[in-house]
$ cat final-v4.cif   # mmCIF, C-alpha atoms
data_query
loop_
_atom_site.label_atom_id
_atom_site.label_comp_id
_atom_site.auth_asym_id
_atom_site.auth_seq_id
_atom_site.Cartn_x
_atom_site.Cartn_y
_atom_site.Cartn_z
CA MET I 1 -4.12 15.95 -11.23
CA LYS I 2 -1.74 13.22 -12.31
CA TYR I 3 -2.22 9.64 -11.17
CA ALA I 4 0.36 6.84 -11.51
CA ILE I 5 -1.04 3.31 -11.34
CA ALA I 6 1.34 0.36 -10.92
CA SER I 7 0.14 -2.15 -13.50
CA SER I 8 1.03 -5.73 -14.41
CA GLY I 9 0.49 -5.14 -18.15
CA ASN I 10 0.31 -2.36 -20.74
CA LYS I 11 -3.45 -2.47 -21.41
CA ALA I 12 -6.34 -0.81 -19.61
CA GLU I 13 -7.72 -4.30 -18.76
CA SER I 14 -4.45 -5.24 -17.01
CA LEU I 15 -4.57 -5.84 -13.28
CA VAL I 16 -3.17 -3.43 -10.73
CA SER I 17 0.22 -4.75 -9.65
CA ALA I 18 0.41 -6.29 -6.19
CA GLN I 19 3.85 -4.78 -5.69
CA PHE I 20 4.94 -1.24 -6.43
CA GLY I 21 8.65 -1.53 -7.21
CA HIS I 22 8.36 -4.74 -9.22
CA ALA I 23 5.36 -3.71 -11.32
CA ALA I 24 5.90 -4.40 -15.04
CA TYR I 25 4.33 -1.12 -16.22
CA VAL I 26 3.16 2.13 -14.76
CA ALA I 27 0.02 3.76 -16.14
CA ILE I 28 0.17 7.54 -15.97
CA TYR I 29 -3.21 9.24 -16.17
CA GLU I 30 -3.80 12.96 -16.44
CA THR I 31 -7.32 13.87 -15.29
CA ASP I 32 -7.44 17.25 -17.11
CA THR I 33 -6.77 15.83 -20.58
CA GLN I 34 -8.03 12.28 -19.79
CA GLU I 35 -4.84 10.97 -21.35
CA LEU I 36 -3.63 7.49 -20.39
CA GLN I 37 -0.07 6.45 -21.08
CA PHE I 38 1.77 3.24 -20.18
CA VAL I 39 5.45 3.44 -19.29
CA GLU I 40 7.57 0.33 -18.86
CA ASN I 41 9.16 0.04 -15.42
CA PRO I 42 12.93 -0.08 -16.07
CA TYR I 43 13.59 -1.27 -12.51
CA SER I 44 11.16 -4.25 -12.37
CA ALA I 45 13.96 -6.84 -12.60
CA MET I 46 16.07 -5.23 -9.86
CA ARG I 47 16.31 -7.28 -6.70
CA GLN I 48 16.59 -4.35 -4.31
CA GLN I 49 15.76 -0.64 -4.30
CA ALA I 50 13.38 -1.04 -7.29
CA GLY I 51 10.61 0.86 -5.50
CA LYS I 52 12.93 3.68 -4.49
CA GLN I 53 14.18 4.16 -8.06
CA LEU I 54 10.67 3.99 -9.50
CA LEU I 55 9.47 6.53 -6.95
CA GLU I 56 12.24 8.93 -7.99
CA MET I 57 11.21 8.47 -11.62
CA LEU I 58 7.55 9.22 -10.86
CA LEU I 59 8.46 12.25 -8.73
CA ALA I 60 10.39 13.62 -11.71
CA GLU I 61 7.13 13.26 -13.72
CA HIS I 62 5.30 15.39 -11.09
CA VAL I 63 2.78 12.72 -10.22
CA HIS I 64 0.28 13.64 -7.47
CA PHE I 65 -1.03 10.19 -6.55
CA ILE I 66 0.45 6.70 -6.80
CA VAL I 67 -1.91 3.70 -6.77
CA SER I 68 -0.59 0.19 -6.12
CA GLY I 69 -1.60 -3.10 -4.49
CA SER I 70 1.04 -2.55 -1.81
CA PHE I 71 4.10 -0.49 -1.00
CA GLY I 72 7.26 -1.85 0.58
CA PRO I 73 8.51 -0.74 3.99
CA LYS I 74 11.37 1.22 2.40
CA ILE I 75 9.00 3.46 0.42
CA ILE I 76 6.94 4.70 3.34
CA PRO I 77 9.77 6.50 5.24
CA LEU I 78 10.86 8.09 1.94
CA ILE I 79 7.48 9.62 1.26
CA GLY I 80 7.41 11.63 4.54
CA SER I 81 7.93 15.12 3.20
CA ARG I 82 7.26 14.63 -0.54
CA LYS I 83 4.24 16.13 -2.24
CA VAL I 84 2.79 12.82 -3.35
CA GLN I 85 0.06 10.64 -1.92
CA LEU I 86 0.20 6.84 -1.80
CA ILE I 87 -3.02 4.90 -2.35
CA VAL I 88 -3.19 1.18 -1.60
CA TYR I 89 -5.90 -0.67 -3.52
CA ASP I 90 -5.46 -4.30 -2.58
CA ARG I 91 -8.76 -5.87 -3.65
CA LYS I 92 -7.87 -8.93 -5.77
CA GLY I 93 -8.52 -8.78 -9.53
CA THR I 94 -8.81 -4.99 -9.80
CA SER I 95 -8.02 -3.68 -13.29
CA VAL I 96 -6.51 -0.34 -14.20
CA GLU I 97 -9.83 0.42 -15.92
CA HIS I 98 -11.67 0.11 -12.60
CA ILE I 99 -9.29 2.59 -10.94
CA LEU I 100 -9.79 5.01 -13.87
CA HIS I 101 -13.55 4.59 -13.49
CA LEU I 102 -13.26 5.56 -9.79
CA ILE I 103 -11.10 8.58 -10.63
CA ASN I 104 -13.39 9.80 -13.44
CA ASN I 105 -16.49 9.53 -11.28
CA LYS I 106 -14.83 11.29 -8.38
CA LYS I 107 -17.20 13.50 -6.42
CA SER I 108 -15.54 16.74 -5.54
CA MET C 1 21.11 -15.13 11.04
CA ALA C 2 20.60 -12.31 13.50
CA ARG C 3 17.09 -11.44 14.57
CA ARG C 4 15.43 -8.73 12.47
CA LYS C 5 14.89 -5.37 14.08
CA ALA C 6 11.31 -4.59 14.99
CA TYR C 7 9.80 -1.56 13.29
CA ARG C 8 9.54 1.44 15.59
CA ARG C 9 6.35 3.49 15.58
CA ILE C 10 6.75 7.19 14.83
CA SER C 11 3.92 9.47 15.92
CA MET C 12 5.34 12.72 14.58
CA MET C 13 7.85 13.56 11.88
CA PRO C 14 10.57 16.11 12.71
CA ALA C 15 9.76 19.68 11.63
CA VAL C 16 13.08 20.01 9.77
CA LYS C 17 15.40 17.61 7.95
CA GLY C 18 18.48 18.49 9.99
CA PHE C 19 20.59 21.19 11.60
CA GLN C 20 23.65 23.11 10.37
CA PRO C 21 26.31 24.60 12.64
CA TYR C 22 27.07 28.29 12.13
CA GLY C 23 29.91 30.64 13.08
CA PRO C 24 33.21 31.85 11.61
CA ASP C 25 35.31 28.76 12.36
CA ILE C 26 33.14 25.97 11.05
CA ASP C 27 34.75 23.20 9.05
CA LYS C 28 32.50 22.61 6.03
CA GLY C 29 34.22 19.31 5.19
CA LEU C 30 33.02 17.47 8.30
CA GLU C 31 30.68 14.56 7.70
CA ALA C 32 27.14 14.95 9.01
CA VAL C 33 25.87 12.92 11.96
CA ARG C 34 22.93 10.75 10.86
CA LEU C 35 20.27 10.72 13.54
CA HIS C 36 17.69 8.00 12.80
CA PHE C 37 13.98 8.83 12.93
CA GLU C 38 13.47 6.45 15.84
CA GLU C 39 16.28 8.16 17.76
CA TYR C 40 14.74 11.54 17.09
CA GLU C 41 11.38 10.18 18.27
CA ALA C 42 12.95 8.70 21.43
CA PHE C 43 14.62 12.02 22.18
CA ARG C 44 11.36 13.90 21.59
CA LEU C 45 9.33 11.58 23.82
CA CYS C 46 11.82 11.65 26.71
CA ASP C 47 13.13 15.20 26.71
CA TYR C 48 10.33 17.21 25.11
CA GLU C 49 7.15 15.32 26.06
CA LEU C 50 8.81 14.24 29.36
CA TYR C 51 7.67 10.62 29.37
CA ASN C 52 9.70 8.05 31.25
CA HIS C 53 11.37 5.18 29.38
CA VAL C 54 8.65 2.63 30.16
CA GLU C 55 5.89 4.88 28.78
CA ALA C 56 7.93 6.04 25.81
CA ALA C 57 8.80 2.41 24.89
CA VAL C 58 5.07 1.68 24.46
CA PHE C 59 4.75 4.66 22.08
CA LEU C 60 7.68 3.42 20.02
CA ASN C 61 6.35 -0.18 20.10
CA VAL C 62 9.65 -1.61 21.41
CA SER C 63 10.73 -3.08 24.76
CA ARG C 64 12.01 -0.85 27.56
CA PRO C 65 15.69 -2.00 27.25
CA THR C 66 15.60 -1.44 23.47
CA PHE C 67 14.12 1.99 24.04
CA THR C 68 16.94 2.86 26.44
CA ARG C 69 19.51 1.78 23.84
CA ILE C 70 17.84 3.89 21.11
CA TYR C 71 17.66 6.86 23.49
CA SER C 72 21.30 6.64 24.54
CA ALA C 73 22.33 6.39 20.87
CA ALA C 74 20.28 9.54 20.20
CA ARG C 75 21.96 11.50 23.01
CA ASN C 76 25.35 10.20 21.95
CA LYS C 77 24.83 11.39 18.36
CA ILE C 78 23.40 14.78 19.35
CA ALA C 79 26.35 15.34 21.71
CA LYS C 80 28.77 14.34 18.96
CA ALA C 81 27.23 16.85 16.55
CA PHE C 82 27.30 19.64 19.16
CA VAL C 83 30.83 19.03 20.43
CA GLU C 84 32.50 18.40 17.08
CA GLY C 85 30.48 21.06 15.25
CA ARG C 86 29.02 18.65 12.70
CA PRO C 87 25.75 19.03 10.80
CA LEU C 88 22.94 16.82 12.06
CA VAL C 89 20.71 15.02 9.54
CA VAL C 90 17.53 13.19 10.58
CA GLU C 91 17.11 10.20 8.28
CA GLY C 92 16.82 6.41 8.06
CA GLY C 93 15.90 3.81 10.64
CA MET C 94 13.39 0.99 10.92
CA ILE C 95 10.15 2.88 11.28
CA PHE C 96 6.47 2.99 10.44
CA PHE C 97 4.00 5.81 10.92
CA ASP C 98 1.20 5.88 13.36
CA HIS C 99 -1.48 8.29 12.22
CA GLN C 100 -1.03 8.72 8.52
CA TRP C 101 -2.96 5.89 6.87
CA TYR C 102 -6.63 6.23 6.16
CA GLU C 103 -9.18 3.84 4.72
CA CYS C 104 -12.05 4.91 2.45
CA ILE C 105 -15.35 3.33 3.43
CA HIS C 106 -16.75 3.80 -0.10
CA CYS C 107 -14.18 2.24 -2.45
CA GLY C 108 -12.12 0.29 0.10
CA CYS C 109 -8.78 1.88 -0.77
CA LYS C 110 -6.20 2.76 1.86
CA PHE C 111 -4.28 5.94 1.43
CA HIS C 112 -1.43 7.83 2.92
CA HIS C 113 -2.16 11.34 4.13
CA THR C 114 0.67 13.81 3.58
CA VAL C 115 -0.55 16.92 5.37
CA ARG C 116 0.39 16.54 9.02
CA MET C 117 -1.99 17.22 11.90
CA GLU C 118 -4.97 17.69 9.61
CA GLU C 119 -7.74 15.20 8.88
CA PRO C 120 -8.43 14.39 5.22
CA THR C 121 -12.01 15.20 4.19
CA GLN C 122 -12.34 13.02 1.10
CA CYS C 123 -10.88 9.94 -0.56
CA PRO C 124 -8.33 10.85 -3.27
CA LEU C 125 -9.55 8.00 -5.51
CA CYS C 126 -13.35 8.06 -5.49
CA GLY C 127 -13.94 11.34 -3.65
CA GLY C 128 -15.97 9.56 -0.97
CA ALA C 129 -16.45 11.57 2.22
CA LYS C 130 -15.08 10.85 5.71
CA PRO C 131 -12.22 8.37 5.30
CA LYS C 132 -11.56 6.29 8.40
CA LEU C 133 -8.24 6.46 10.24
CA MET C 134 -6.39 3.15 10.29
CA VAL C 135 -5.14 2.20 13.71
CA GLU C 136 -2.16 0.19 12.55
CA ASP C 137 0.06 0.60 9.54
CA THR C 138 -0.34 -1.97 6.76
CA ASP C 139 3.20 -3.22 7.39
CA ALA C 140 2.55 -3.74 11.05
CA ALA C 141 -0.02 -6.47 10.29
CA ASP C 142 2.59 -9.11 9.42
CA LYS C 143 4.94 -8.12 12.22
CA PRO C 144 5.40 -10.93 14.80
CA VAL C 145 3.72 -10.23 18.14
CA SER C 146 4.27 -11.86 21.50
CA MET C 147 1.24 -13.80 22.66
CA SER C 148 0.21 -15.13 26.03
CA TYR C 149 -2.34 -17.83 26.79
CA CYS C 150 -4.23 -19.08 29.81
CA ILE C 151 -3.29 -22.56 31.04
CA ALA C 152 -6.79 -23.30 32.30
CA CYS C 153 -9.19 -22.11 29.56
CA GLY C 154 -6.87 -21.44 26.61
CA PHE C 155 -7.79 -17.72 26.31
CA GLU C 156 -5.20 -15.91 24.19
CA SER C 157 -4.12 -12.28 24.22
CA VAL C 158 -1.43 -10.12 22.68
CA ILE C 159 1.27 -8.81 25.00
CA ASP C 160 2.07 -5.11 24.63
CA GLN C 161 5.62 -4.45 23.56
CA GLY C 162 7.47 -2.82 26.40
CA ASN C 163 5.38 -4.68 28.93
CA THR C 164 6.59 -8.25 28.38
CA ASP C 165 7.83 -8.98 31.89
CA THR C 166 4.51 -8.65 33.71
CA LEU C 167 1.80 -11.09 32.65
CA GLU C 168 -1.72 -10.27 33.69
CA ASN C 169 -4.13 -12.87 34.97
CA CYS C 170 -6.66 -14.39 32.58
CA PRO C 171 -9.70 -12.07 32.33
CA ARG C 172 -12.06 -15.07 32.02
CA CYS C 173 -10.94 -17.42 34.82
CA ASN C 174 -8.34 -15.29 36.67
CA LYS C 175 -5.64 -18.01 36.37
CA ARG C 176 -2.01 -17.26 35.55
CA MET C 177 -1.26 -16.52 31.88
CA ARG C 178 1.76 -18.09 30.19
CA HIS C 179 3.97 -16.86 27.35
CA ARG C 180 3.27 -18.57 24.03
CA GLY C 181 6.34 -20.52 23.01
CA ARG C 182 7.71 -21.14 26.48
CA LYS C 183 9.25 -24.63 26.66
CA ALA C 184 7.64 -27.53 28.58
CA ALA C 185 10.81 -27.85 30.73
CA TYR C 186 9.65 -24.88 32.77
CA ARG C 187 6.54 -26.64 34.03
#

$ encode --input "final-v4.cif" --output "structure tokens"
Amino acid sequence: MKYAIASSGNKAESLVSAQFGHAAYVAIYETDTQELQFVENPYSAMRQQAGKQLLEMLLAEHVHFIVSGSFGPKIIPLIGSRKVQLIVYDRKGTSVEHILHLINNKKS
Amino acid sequence: MARRKAYRRISMMPAVKGFQPYGPDIDKGLEAVRLHFEEYEAFRLCDYELYNHVEAAVFLNVSRPTFTRIYSAARNKIAKAFVEGRPLVVEGGMIFFDHQWYECIHCGCKFHHTVRMEEPTQCPLCGGAKPKLMVEDTDAADKPVSMSYCIACGFESVIDQGNTDTLENCPRCNKRMRHRGRKAAYR
């Protein structure tokens, strides 16, 4: 399973971004290989449609889950029929590490 | 600046993305008619579920007159597609979903559930069992609501969209309720 986490920095201690489209980096984590990779968000400076573009980019990467502090109202209608799940984690001061900890200790 | 459109609540996504005309004489170059999700939903509620406009307006979380406008736009567009032989695409609109957000009681995350009409059994983040269905969408929380208050005791309540013209009496003291924001000149 592939997780994308909207992050405000490019380290594991960085906080989860409060916004999806305007996140500085996106952490892509593959659970099978436990590989973590930070990708810079090329659309973070865009005033509009940043989330939509970023979503297209992540869909091209075949991401299964997207974690962010929040998603804009334009993203939610887009997701309707796509094979991706949005996860909102809006507790203040959550780091990417904490999310990875939750994923790794997932009971299945 | 014009007033922003209120988000319309969608209870069910359409089964398909659109419709194509078929037959020997179809003109492939014709532009598709874009039916908005809220128009599709209005059409479904009125003509498939057979609700009247007042009931359907509550489902869509808009007022009755707004519902009637959305519904007539839907019929207009569907008729246009049928008569002119255009493809019909269901897309766009100011909408939010009703039954697709769940909250995990273990890690506190909220997640979007993609499989329709089926309850999720575990949280996708921590694997915790039995996620709780969220009643309102996260975007709906900061949406402005109409409020009413009691003149005698100050009791406040939220007025249902689509039901703004009839104010109920105060449940505590049974006095008349008043719209929040109504000017003093009316007194």

$ atom_distance --input "final-v4.cif" --atom1 "atom CA of Lys28 of chain C" --atom2 "atom CA of Val90 of chain C"
18.3 Å

$ resolve_selection --input "final-v4.cif" --expression "the PyMOL selection byres ((chain C) within 6 of (chain I))" --output "PyMOL selection string"
chain C and resi 109-112+125-127

$ closest_residue --input "final-v4.cif" --among "I:Val96, I:Val16, I:Ile5, I:Leu36" --to "Leu55 of chain I" --atoms "only C-alpha atoms"
I:Ile5

$ closest_residue --input "final-v4.cif" --among "I:Asn41, I:Thr31, I:Gln48, I:Gln53" --to "Ser7 of chain I" --atoms "all atoms listed in the file"
I:Asn41

$ atom_distance --input "final-v4.cif" --atom1 "atom CA of Ala12 of chain I" --atom2 "atom CA of Arg47 of chain I"
26.9 Å

$ resolve_selection --input "final-v4.cif" --expression "the PyMOL selection byres ((chain C and resi 150) around 8)" --output "ChimeraX atom specification"
/C:148-149,151-156,170,175-178

$ closest_residue --input "final-v4.cif" --among "C:Gly29, C:Thr68, C:Gly92, C:Ser157" --to "Asn169 of chain C" --atoms "all atoms listed in the file"
C:Ser157

$ residues_around --input "final-v4.cif" --residues "Arg34 of chain C" --least-positions-apart "3" --cutoff "10 Å" --atoms "all atoms listed in the file" --output "list of chain:residue names"
C:Gly18, C:Glu31, C:Phe37, C:Glu39, C:Ala74, C:Lys77, C:Ile78, C:Ala81, C:Pro87, C:Leu88, C:Val89, C:Val90, C:Glu91, C:Gly92, C:Gly93

$ atom_distance --input "final-v4.cif" --atom1 "atom CA of Ala56 of chain C" --atom2 "atom CA of Met94 of chain C"
16.6 Å

$ axis_aligned_box --input "final-v4.cif" --around "segment 47-66 of chain I" --padding-each-side "5 Å" --output "JSON"
{"center_x": 7.8, "center_y": 4.1, "center_z": -9.0, "size_x": 27.6, "size_y": 32.7, "size_z": 19.4}

$ resolve_selection --input "final-v4.cif" --expression "the PyMOL selection byres ((chain C and resi 46) around 12)" --output "PyMOL selection string"
chain C and resi 39-45+47-57+59-60+67-68+70-72+74-75

$ closest_residue --input "final-v4.cif" --among "C:Gly128, C:Asp27, C:Glu38, C:Ile10" --to "Arg69 of chain C" --atoms "only C-alpha atoms"
C:Glu38

$ residues_near_point --input "final-v4.cif" --point "(5.8, 2.1, -19.4)" --cutoff "6 Å" --atoms "only C-alpha atoms" --output "count of residues only"
6

$ residues_near_point --input "final-v4.cif" --point "(-7.2, -8.4, -14.1)" --cutoff "7 Å" --atoms "all atoms listed in the file" --output "number ranges by chain"
I: 13-15, 93-95

$ build_atoms --input "final-v4.cif" --residues "segment 79-108 of chain C" --atoms "N, CA and C atoms" --output "PDB file, in the coordinates of the input"
ATOM      1  N   ALA C  79      25.161  14.802  21.036  1.00  0.00           N
ATOM      2  CA  ALA C  79      26.350  15.340  21.710  1.00  0.00           C
ATOM      3  C   ALA C  79      27.523  15.419  20.747  1.00  0.00           C
ATOM      4  N   LYS C  80      27.669  14.380  19.920  1.00  0.00           N
ATOM      5  CA  LYS C  80      28.770  14.340  18.960  1.00  0.00           C
ATOM      6  C   LYS C  80      28.664  15.513  17.976  1.00  0.00           C
ATOM      7  N   ALA C  81      27.439  15.756  17.494  1.00  0.00           N
ATOM      8  CA  ALA C  81      27.230  16.850  16.550  1.00  0.00           C
ATOM      9  C   ALA C  81      27.527  18.198  17.200  1.00  0.00           C
ATOM     10  N   PHE C  82      27.086  18.371  18.454  1.00  0.00           N
ATOM     11  CA  PHE C  82      27.300  19.640  19.160  1.00  0.00           C
ATOM     12  C   PHE C  82      28.772  19.875  19.435  1.00  0.00           C
ATOM     13  N   VAL C  83      29.443  18.858  19.978  1.00  0.00           N
ATOM     14  CA  VAL C  83      30.830  19.030  20.430  1.00  0.00           C
ATOM     15  C   VAL C  83      31.770  19.191  19.238  1.00  0.00           C
ATOM     16  N   GLU C  84      31.558  18.356  18.203  1.00  0.00           N
ATOM     17  CA  GLU C  84      32.500  18.400  17.080  1.00  0.00           C
ATOM     18  C   GLU C  84      32.070  19.404  16.007  1.00  0.00           C
ATOM     19  N   GLY C  85      30.940  20.060  16.214  1.00  0.00           N
ATOM     20  CA  GLY C  85      30.480  21.060  15.250  1.00  0.00           C
ATOM     21  C   GLY C  85      30.080  20.483  13.911  1.00  0.00           C
ATOM     22  N   ARG C  86      29.438  19.295  13.956  1.00  0.00           N
ATOM     23  CA  ARG C  86      29.020  18.650  12.700  1.00  0.00           C
ATOM     24  C   ARG C  86      27.561  18.950  12.410  1.00  0.00           C
ATOM     25  N   PRO C  87      27.181  18.931  11.128  1.00  0.00           N
ATOM     26  CA  PRO C  87      25.750  19.030  10.800  1.00  0.00           C
ATOM     27  C   PRO C  87      25.015  17.791  11.294  1.00  0.00           C
ATOM     28  N   LEU C  88      23.740  17.934  11.581  1.00  0.00           N
ATOM     29  CA  LEU C  88      22.940  16.820  12.060  1.00  0.00           C
ATOM     30  C   LEU C  88      21.831  16.570  11.036  1.00  0.00           C
ATOM     31  N   VAL C  89      21.734  15.350  10.541  1.00  0.00           N
ATOM     32  CA  VAL C  89      20.710  15.020   9.540  1.00  0.00           C
ATOM     33  C   VAL C  89      19.785  13.974  10.155  1.00  0.00           C
ATOM     34  N   VAL C  90      18.476  14.186  10.078  1.00  0.00           N
ATOM     35  CA  VAL C  90      17.530  13.190  10.580  1.00  0.00           C
ATOM     36  C   VAL C  90      17.083  12.343   9.407  1.00  0.00           C
ATOM     37  N   GLU C  91      17.508  11.079   9.388  1.00  0.00           N
ATOM     38  CA  GLU C  91      17.110  10.200   8.280  1.00  0.00           C
ATOM     39  C   GLU C  91      17.274   8.742   8.668  1.00  0.00           C
ATOM     40  N   GLY C  92      16.645   7.857   7.921  1.00  0.00           N
ATOM     41  CA  GLY C  92      16.820   6.410   8.060  1.00  0.00           C
ATOM     42  C   GLY C  92      16.191   5.808   9.292  1.00  0.00           C
ATOM     43  N   GLY C  93      16.442   4.521   9.484  1.00  0.00           N
ATOM     44  CA  GLY C  93      15.900   3.810  10.640  1.00  0.00           C
ATOM     45  C   GLY C  93      14.786   2.861  10.253  1.00  0.00           C
ATOM     46  N   MET C  94      14.437   1.988  11.169  1.00  0.00           N
ATOM     47  CA  MET C  94      13.390   0.990  10.920  1.00  0.00           C
ATOM     48  C   MET C  94      12.089   1.520  11.516  1.00  0.00           C
ATOM     49  N   ILE C  95      11.295   2.193  10.696  1.00  0.00           N
ATOM     50  CA  ILE C  95      10.150   2.880  11.280  1.00  0.00           C
ATOM     51  C   ILE C  95       8.856   2.644  10.504  1.00  0.00           C
ATOM     52  N   PHE C  96       7.739   2.860  11.147  1.00  0.00           N
ATOM     53  CA  PHE C  96       6.470   2.990  10.440  1.00  0.00           C
ATOM     54  C   PHE C  96       5.697   4.109  11.111  1.00  0.00           C
ATOM     55  N   PHE C  97       4.712   4.641  10.389  1.00  0.00           N
ATOM     56  CA  PHE C  97       4.000   5.810  10.920  1.00  0.00           C
ATOM     57  C   PHE C  97       2.713   5.402  11.594  1.00  0.00           C
ATOM     58  N   ASP C  98       2.337   6.195  12.528  1.00  0.00           N
ATOM     59  CA  ASP C  98       1.200   5.880  13.360  1.00  0.00           C
ATOM     60  C   ASP C  98      -0.106   6.394  12.772  1.00  0.00           C
ATOM     61  N   HIS C  99      -0.183   7.671  12.512  1.00  0.00           N
ATOM     62  CA  HIS C  99      -1.480   8.290  12.220  1.00  0.00           C
ATOM     63  C   HIS C  99      -1.586   8.806  10.803  1.00  0.00           C
ATOM     64  N   GLN C 100      -1.005   8.120   9.846  1.00  0.00           N
ATOM     65  CA  GLN C 100      -1.030   8.720   8.520  1.00  0.00           C
ATOM     66  C   GLN C 100      -1.747   7.879   7.480  1.00  0.00           C
ATOM     67  N   TRP C 101      -2.255   6.720   7.853  1.00  0.00           N
ATOM     68  CA  TRP C 101      -2.960   5.890   6.870  1.00  0.00           C
ATOM     69  C   TRP C 101      -4.444   5.939   7.140  1.00  0.00           C
ATOM     70  N   TYR C 102      -5.186   6.148   6.069  1.00  0.00           N
ATOM     71  CA  TYR C 102      -6.630   6.230   6.160  1.00  0.00           C
ATOM     72  C   TYR C 102      -7.259   5.205   5.227  1.00  0.00           C
ATOM     73  N   GLU C 103      -8.469   4.778   5.566  1.00  0.00           N
ATOM     74  CA  GLU C 103      -9.180   3.840   4.720  1.00  0.00           C
ATOM     75  C   GLU C 103     -10.486   4.484   4.278  1.00  0.00           C
ATOM     76  N   CYS C 104     -10.799   4.349   2.965  1.00  0.00           N
ATOM     77  CA  CYS C 104     -12.050   4.910   2.450  1.00  0.00           C
ATOM     78  C   CYS C 104     -13.149   3.875   2.629  1.00  0.00           C
ATOM     79  N   ILE C 105     -14.264   4.278   3.210  1.00  0.00           N
ATOM     80  CA  ILE C 105     -15.350   3.330   3.430  1.00  0.00           C
ATOM     81  C   ILE C 105     -16.164   3.104   2.166  1.00  0.00           C
ATOM     82  N   HIS C 106     -15.957   3.933   1.122  1.00  0.00           N
ATOM     83  CA  HIS C 106     -16.750   3.800  -0.100  1.00  0.00           C
ATOM     84  C   HIS C 106     -16.099   2.858  -1.105  1.00  0.00           C
ATOM     85  N   CYS C 107     -14.820   3.091  -1.431  1.00  0.00           N
ATOM     86  CA  CYS C 107     -14.180   2.240  -2.450  1.00  0.00           C
ATOM     87  C   CYS C 107     -13.232   1.218  -1.834  1.00  0.00           C
ATOM     88  N   GLY C 108     -12.958   1.296  -0.559  1.00  0.00           N
ATOM     89  CA  GLY C 108     -12.120   0.290   0.100  1.00  0.00           C
ATOM     90  C   GLY C 108     -10.628   0.513  -0.069  1.00  0.00           C
TER      91      GLY C 108
END
